[in-house]
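The structure file input.txt is reproduced below (compact mmCIF, C-alpha atoms).
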# COMPACT_ATOMS: atom_id res chain seq x y z
CA MET A 1 80.04 79.87 -8.35
CA PRO A 2 81.87 79.03 -5.11
CA ARG A 3 81.37 81.63 -2.40
CA MET A 4 84.16 83.30 -0.40
CA LEU A 5 82.73 81.89 2.81
CA ASP A 6 84.40 81.18 6.14
CA VAL A 7 82.71 78.31 8.00
CA SER A 8 84.39 77.77 11.36
CA ASP A 9 84.80 74.33 12.90
CA GLU A 10 82.20 75.13 15.56
CA VAL A 11 79.64 76.23 12.96
CA ARG A 12 80.38 73.12 10.87
CA ALA A 13 79.89 70.94 13.95
CA GLU A 14 76.43 72.43 14.48
CA ILE A 15 75.13 72.43 10.90
CA GLY A 16 76.87 69.24 9.74
CA ASP A 17 79.45 68.56 7.05
CA GLU A 18 76.88 68.19 4.28
CA GLU A 19 75.28 71.58 4.83
CA ALA A 20 78.67 73.23 5.34
CA ASP A 21 79.93 71.84 2.05
CA ARG A 22 76.78 73.01 0.26
CA LEU A 23 77.35 76.50 1.65
CA LEU A 24 80.98 76.53 0.54
CA ALA A 25 79.97 75.30 -2.92
CA GLY A 26 77.54 78.17 -3.25
CA GLU A 27 74.43 75.98 -3.38
CA THR A 28 72.69 77.44 -0.32
CA ALA A 29 74.66 80.62 0.43
CA PRO A 30 73.25 83.97 -0.69
CA GLY A 31 75.20 86.05 -3.18
CA SER A 32 74.33 89.37 -1.60
CA TYR A 33 73.35 89.85 2.05
CA ASP A 34 73.13 92.47 4.78
CA CYS A 35 75.95 92.03 7.29
CA THR A 36 74.52 90.90 10.63
CA SER A 37 77.08 93.12 12.38
CA CYS A 38 77.29 96.45 10.54
CA ARG A 39 74.04 96.11 8.54
CA THR A 40 75.65 97.24 5.26
CA PRO A 41 75.45 95.12 2.07
CA GLY A 42 77.92 92.33 1.40
CA ASP A 43 78.59 89.97 -1.48
CA SER A 44 79.89 86.48 -0.78
CA GLU A 45 81.08 86.19 -4.39
CA GLN A 46 83.31 89.25 -4.08
CA GLU A 47 84.51 89.46 -0.46
CA ARG A 48 85.28 87.17 2.42
CA THR A 49 82.13 86.42 4.35
CA SER A 50 81.64 84.80 7.75
CA THR A 51 78.83 82.41 8.63
CA VAL A 52 77.38 83.26 12.05
CA LEU A 53 75.02 80.73 13.64
CA PHE A 54 72.62 82.04 16.29
CA ILE A 55 71.37 79.14 18.41
CA GLY A 56 68.35 79.53 20.68
CA ASP A 57 66.67 77.08 23.01
CA GLU A 58 64.79 75.31 20.21
CA THR A 59 65.71 76.97 16.92
CA ALA A 60 68.73 78.36 15.10
CA VAL A 61 69.30 81.07 12.49
CA LEU A 62 72.25 81.18 10.10
CA ALA A 63 73.37 84.72 9.30
CA PHE A 64 76.20 86.23 7.30
CA ALA A 65 78.70 88.97 8.08
CA HIS A 66 81.67 90.65 6.48
CA ALA A 67 84.76 88.72 7.62
CA GLY A 68 86.23 92.05 8.71
CA CYS A 69 83.27 92.65 11.03
CA LEU A 70 82.88 89.24 12.67
CA PRO A 71 84.63 85.88 12.48
CA SER A 72 82.59 82.77 11.73
CA GLN A 73 81.22 81.63 15.09
CA VAL A 74 78.33 80.16 17.04
CA VAL A 75 76.43 82.59 19.26
CA GLN A 76 74.31 81.07 22.03
CA VAL A 77 71.19 83.14 22.67
CA THR A 78 67.84 82.73 24.37
CA GLU A 79 64.76 82.09 22.27
CA GLU A 80 63.67 85.70 22.91
CA GLN A 81 67.04 87.01 21.74
CA LEU A 82 66.81 84.83 18.66
CA ARG A 83 63.63 86.68 17.74
CA GLY A 84 65.67 89.85 17.95
CA ALA A 85 68.35 88.31 15.73
CA VAL A 86 65.71 87.35 13.18
CA LYS A 87 64.47 90.93 13.27
CA SER A 88 67.94 92.31 12.56
CA ILE A 89 68.57 89.79 9.79
CA THR A 90 65.22 89.88 8.01
CA GLY A 91 63.73 93.19 9.09
CA ASP A 92 60.68 91.46 10.55
CA THR A 93 58.98 93.44 13.28
CA VAL A 94 59.48 91.78 16.64
CA ASP A 95 58.86 93.57 19.93
CA LEU A 96 61.33 92.68 22.67
CA GLU A 97 61.10 93.63 26.30
CA PRO A 98 64.32 95.43 27.30
CA ASP A 99 64.97 93.03 30.18
CA MET A 100 64.96 90.10 27.74
CA VAL A 101 68.03 91.40 25.93
CA VAL A 102 71.25 90.15 27.51
CA PRO A 103 73.94 92.80 26.90
CA GLU A 104 76.79 90.30 27.20
CA GLN A 105 75.78 88.87 23.82
CA ALA A 106 77.01 92.02 22.06
CA VAL A 107 80.19 91.48 20.05
CA LEU A 108 82.94 94.06 19.80
CA GLY A 109 83.64 95.04 16.20
CA VAL A 110 87.22 96.23 15.65
CA THR A 111 88.41 98.18 12.60
CA SER A 112 92.01 99.24 11.93
CA GLY A 113 93.00 102.37 10.05
CA LEU A 114 95.40 105.29 9.90
CA VAL A 115 94.25 108.58 11.42
CA LEU A 116 95.88 111.95 10.64
CA ILE A 117 96.45 114.05 13.77
CA GLY A 118 98.76 117.07 13.88
CA GLY A 119 100.03 116.39 10.37
CA GLU A 120 101.16 112.86 11.21
CA LEU A 121 99.58 109.47 10.55
CA HIS A 122 98.85 107.35 13.61
CA PRO A 123 97.74 103.70 13.71
CA ALA A 124 94.27 103.41 15.17
CA LEU A 125 91.76 100.79 16.23
CA VAL A 126 88.09 101.72 16.24
CA VAL A 127 85.90 99.63 18.55
CA GLU A 128 82.13 99.59 18.21
CA PRO A 129 79.86 96.93 19.77
CA THR A 130 77.10 95.24 17.78
CA GLY A 131 74.60 96.12 20.51
CA PRO A 132 74.20 98.12 23.73
CA ILE A 133 76.58 97.25 26.58
CA ALA A 134 74.99 97.36 30.03
CA ARG A 135 76.82 97.51 33.32
CA PRO A 136 77.40 93.98 34.71
CA GLY A 137 74.58 92.95 37.03
CA THR A 138 72.02 95.36 35.58
CA THR A 139 69.00 94.40 33.49
CA GLY A 140 68.02 97.77 32.07
CA GLY A 141 68.01 98.63 28.40
CA GLY A 142 70.63 101.41 28.62
CA ASP A 143 74.09 101.57 27.08
CA ASP A 144 76.99 101.97 29.53
CA PHE A 145 79.80 101.21 27.04
CA LEU A 146 81.42 104.66 27.18
CA PRO A 147 80.96 105.24 30.95
CA LEU A 148 82.58 101.86 31.65
CA LEU A 149 85.58 102.77 29.47
CA ILE A 150 85.86 106.24 31.02
CA GLU A 151 86.05 104.55 34.42
CA GLN A 152 88.97 102.51 33.06
CA GLY A 153 90.82 105.71 32.09
CA PHE A 154 89.71 106.39 28.51
CA MET A 155 89.23 110.06 27.71
CA PRO A 156 86.08 111.58 26.15
CA LEU A 157 86.87 113.46 22.93
CA THR A 158 84.98 116.35 21.37
CA GLU A 159 87.41 116.64 18.44
CA LEU A 160 90.43 114.80 17.01
CA SER A 161 92.90 117.65 17.33
CA ALA A 162 95.59 116.00 19.48
CA VAL A 163 96.86 112.52 20.31
CA PRO A 164 95.01 111.23 23.40
CA PRO A 165 97.07 110.45 26.51
CA VAL A 166 98.65 107.04 27.09
CA LEU A 167 96.61 104.61 29.18
CA HIS A 168 99.23 102.68 31.13
CA GLY A 169 98.53 99.02 31.87
CA TRP A 170 96.63 98.58 28.61
CA SER A 171 98.33 97.51 25.38
CA VAL A 172 97.75 96.28 21.84
CA LEU A 173 99.22 92.88 21.03
CA LEU A 174 100.75 92.44 17.58
CA ALA A 175 102.42 89.15 16.71
CA MET A 176 103.86 88.06 13.36
CA GLY A 177 102.59 91.33 11.94
CA GLN A 178 98.95 90.60 12.79
CA LEU A 179 96.57 91.97 15.41
CA HIS A 180 95.79 89.50 18.18
CA ALA A 181 94.30 91.33 21.17
CA VAL A 182 93.74 94.43 23.24
CA LEU A 183 95.06 93.75 26.74
CA GLN A 184 93.98 95.33 30.02
CA PRO A 185 95.48 95.10 33.51
CA GLY A 186 94.83 91.82 35.29
CA PRO A 187 92.98 91.61 38.62
CA GLY A 188 95.02 92.97 41.48
CA GLY A 189 97.75 94.19 39.15
CA GLY A 190 98.54 90.70 37.88
CA GLN A 191 99.33 89.57 34.35
CA PRO A 192 97.44 91.47 31.62
CA VAL A 193 94.28 89.80 30.36
CA ALA A 194 92.50 90.16 27.03
CA TRP A 195 89.82 92.85 26.97
CA TRP A 196 89.24 91.94 23.32
CA GLN A 197 90.77 88.98 21.50
CA ALA A 198 90.55 88.13 17.81
CA HIS A 199 89.06 84.72 17.06
CA GLN A 200 91.70 84.57 14.36
CA PRO A 201 94.56 87.09 13.96
CA LEU A 202 93.46 90.15 12.00
CA HIS A 203 95.50 91.37 9.05
CA VAL A 204 96.71 94.99 9.15
CA THR A 205 98.26 96.93 6.29
CA GLU A 206 101.99 97.47 5.97
CA GLY A 207 101.42 101.20 6.46
CA TRP A 208 99.50 100.61 9.68
CA ARG A 209 102.16 98.23 10.98
CA ALA A 210 104.97 100.65 10.07
CA ALA A 211 103.21 103.50 11.89
CA ALA A 212 102.67 101.29 14.94
CA ASN A 213 106.35 100.36 15.03
CA LYS A 214 107.34 104.01 14.60
CA HIS A 215 105.15 105.35 17.41
CA GLN A 216 105.27 102.19 19.55
CA GLN A 217 101.66 102.82 20.40
CA VAL A 218 98.20 102.49 18.88
CA LEU A 219 95.31 104.92 19.30
CA MET A 220 92.12 103.17 20.37
CA PHE A 221 88.83 104.91 19.72
CA ALA A 222 85.56 103.52 21.07
CA ALA A 223 81.99 104.50 20.30
CA PRO A 224 78.55 103.05 21.14
CA VAL A 225 76.64 100.90 18.67
CA GLY A 226 75.45 102.79 15.59
CA SER A 227 77.96 105.63 15.89
CA ILE A 228 80.64 104.64 13.36
CA GLY A 229 79.57 101.70 11.18
CA ARG A 230 81.81 99.80 8.79
CA GLN A 231 83.53 102.40 6.62
CA PRO A 232 85.20 101.18 3.40
CA ARG A 233 87.80 103.98 3.28
CA GLU A 234 89.95 105.70 5.87
CA ASP A 235 88.69 109.17 4.92
CA LEU A 236 85.13 108.02 5.58
CA LEU A 237 86.26 106.43 8.85
CA ARG A 238 87.80 109.75 9.88
CA ASP A 239 84.58 111.59 9.01
CA ALA A 240 82.61 109.13 11.14
CA LEU A 241 85.05 109.59 14.05
CA ASP A 242 84.79 113.39 13.80
CA LYS A 243 81.01 113.18 13.82
CA ALA A 244 80.95 110.81 16.82
CA ALA A 245 83.32 113.12 18.72
CA ALA A 246 81.20 116.18 17.94
CA ASN A 247 78.14 114.30 19.21
CA GLY A 248 79.88 113.34 22.47
CA LYS A 249 79.98 109.65 21.56
CA LEU A 250 83.72 108.97 21.37
CA VAL A 251 86.40 108.05 23.89
CA ALA A 252 90.06 107.32 23.19
CA SER A 253 93.48 106.53 24.62
CA ALA A 254 96.92 105.75 23.28
CA LEU A 255 97.81 102.14 24.09
CA PRO A 256 101.46 100.98 24.13
CA LEU A 257 102.40 98.43 21.51
CA ALA A 258 103.14 94.88 22.64
CA GLY A 259 104.90 92.71 20.08
CA THR A 260 105.92 93.65 16.56

Let me see the structure of the file written as structure tokens.
Amino acid sequence: MPRMLDVSDEVRAEIGDEEADRLLAGETAPGSYDCTSCRTPGDSEQERTSTVLFIGDETAVLAFAHAGCLPSQVVQVTEEQLRGAVKSITGDTVDLEPDMVVPEQAVLGVTSGLVLIGGELHPALVVEPTGPIARPGTTGGGDDFLPLLIEQGFMPLTELSAVPPVLHGWSVLLAMGQLHAVLQPGPGGGQPVAWWQAHQPLHVTEGWRAAANKHQQVLMFAAPVGSIGRQPREDLLRDALDKAAANGKLVASALPLAGT
């Protein structure tokens, strides 16, 4: 049975047309898999699935992810990092020295959903990296994702009882009814630049889009890796947000809406 696979042009260029076609025909693709991003089960016969190719210095590993977690892409890694990727994909035990892990390789996972605050539904984006984010220039194994965002003006939350304050200079770009990017102020107050940009525009529900147009802003929540996960329903997403907030692992701001 043909699989619901996305094979990007860059992945096809690396693995070749023949292998790509065999994947799309279902000859070499797995039916079920563990998403390389959120680590929950997926089924390429039932839901859109991305092919993610990790390329090291000498070897490469083809992994699979929910299309909602990651787009199909090629990820350049060192040979040591590739061992870590193999560990996450197969569960094999591989010991990595912390200074061998390059934090910049982490990918930001973005989930959209409606969040009820004060009796009203608000459009929200939940951002969770696929790995620890270290401060630029450091080689330690820590995670500075939340401190870096707090320095940008995001507010730590202990509960979701009120709408977080607006973070001016940041915005969420919607175009043609789809999510394209989260923008941050440019260097020296110049043109906004993309803090996160979708490899391909992300679909949002009509309800989410209507709420965004009503409020003219989107609530962005961010949590470190492992705090939220990929939740299949908005009530479960809200539970995960509440738990992250209670554990001191959630920051948020309201970002003005750019586009429609």

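Polymer residues near (95.6, 105.3, 21.8): counting all atoms listed in the file with a cut-off of 6 Å, they are Val218, Leu219, Met220, Ser253, Ala254 and Leu255 of chain A.
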
Name the residues, using the chain letters and numbers of the file, that sit within 12 Å of (85.8, 102.4, 4.9) when counting only C-alpha atoms, and give them as an MDAnalysis selection string.
chainID A and resid 38 40 68:69 111:114 126 228:241

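For A:Gln197, the residues within 10 Å (counting all atoms listed in the file, excluding itself and residues fewer than 4 positions away along the chain) are Leu108, Val110, Leu173, Leu179, His180, Ala181, Val182, Leu183, Val193, Pro201 and Leu202 of chain A.
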
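For the residues A:Ala13, A:Val7, A:Ala223, A:Leu24, ranking by smallest atom-to-atom distance to A:Phe154 using all atoms listed in the file places A:Ala223 first.
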
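Atom pair atom CA of A:Val163 / atom CA of A:Asp143: separated by 26.2 Å.
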
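Nearest to A:Trp196 of all the residues A:Gln217, A:Thr28, A:Gln178, A:Ser171 is A:Ser171, based on only C-alpha atoms.
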
Measuring atom to atom with all atoms listed in the file, identify which of A:Leu116, A:Leu174, A:Ala162, A:Val225 is nearest to A:Pro129.
A:Val225

Contacts of stretch 118-121 of chain A at 10 Å (all atoms listed in the file; same-chain gap of 6+ positions) as a JSON list (two decimals) with C-alpha atoms, in the frame of the given file:
[["chain", "number", "residue", "atom", "x", "y", "z"],
["A", 160, "LEU", "CA", 90.43, 114.80, 17.01],
["A", 161, "SER", "CA", 92.90, 117.65, 17.33],
["A", 162, "ALA", "CA", 95.59, 116.00, 19.48],
["A", 163, "VAL", "CA", 96.86, 112.52, 20.31],
["A", 207, "GLY", "CA", 101.42, 101.20, 6.46],
["A", 208, "TRP", "CA", 99.50, 100.61, 9.68],
["A", 211, "ALA", "CA", 103.21, 103.50, 11.89],
["A", 212, "ALA", "CA", 102.67, 101.29, 14.94],
["A", 215, "HIS", "CA", 105.15, 105.35, 17.41]]
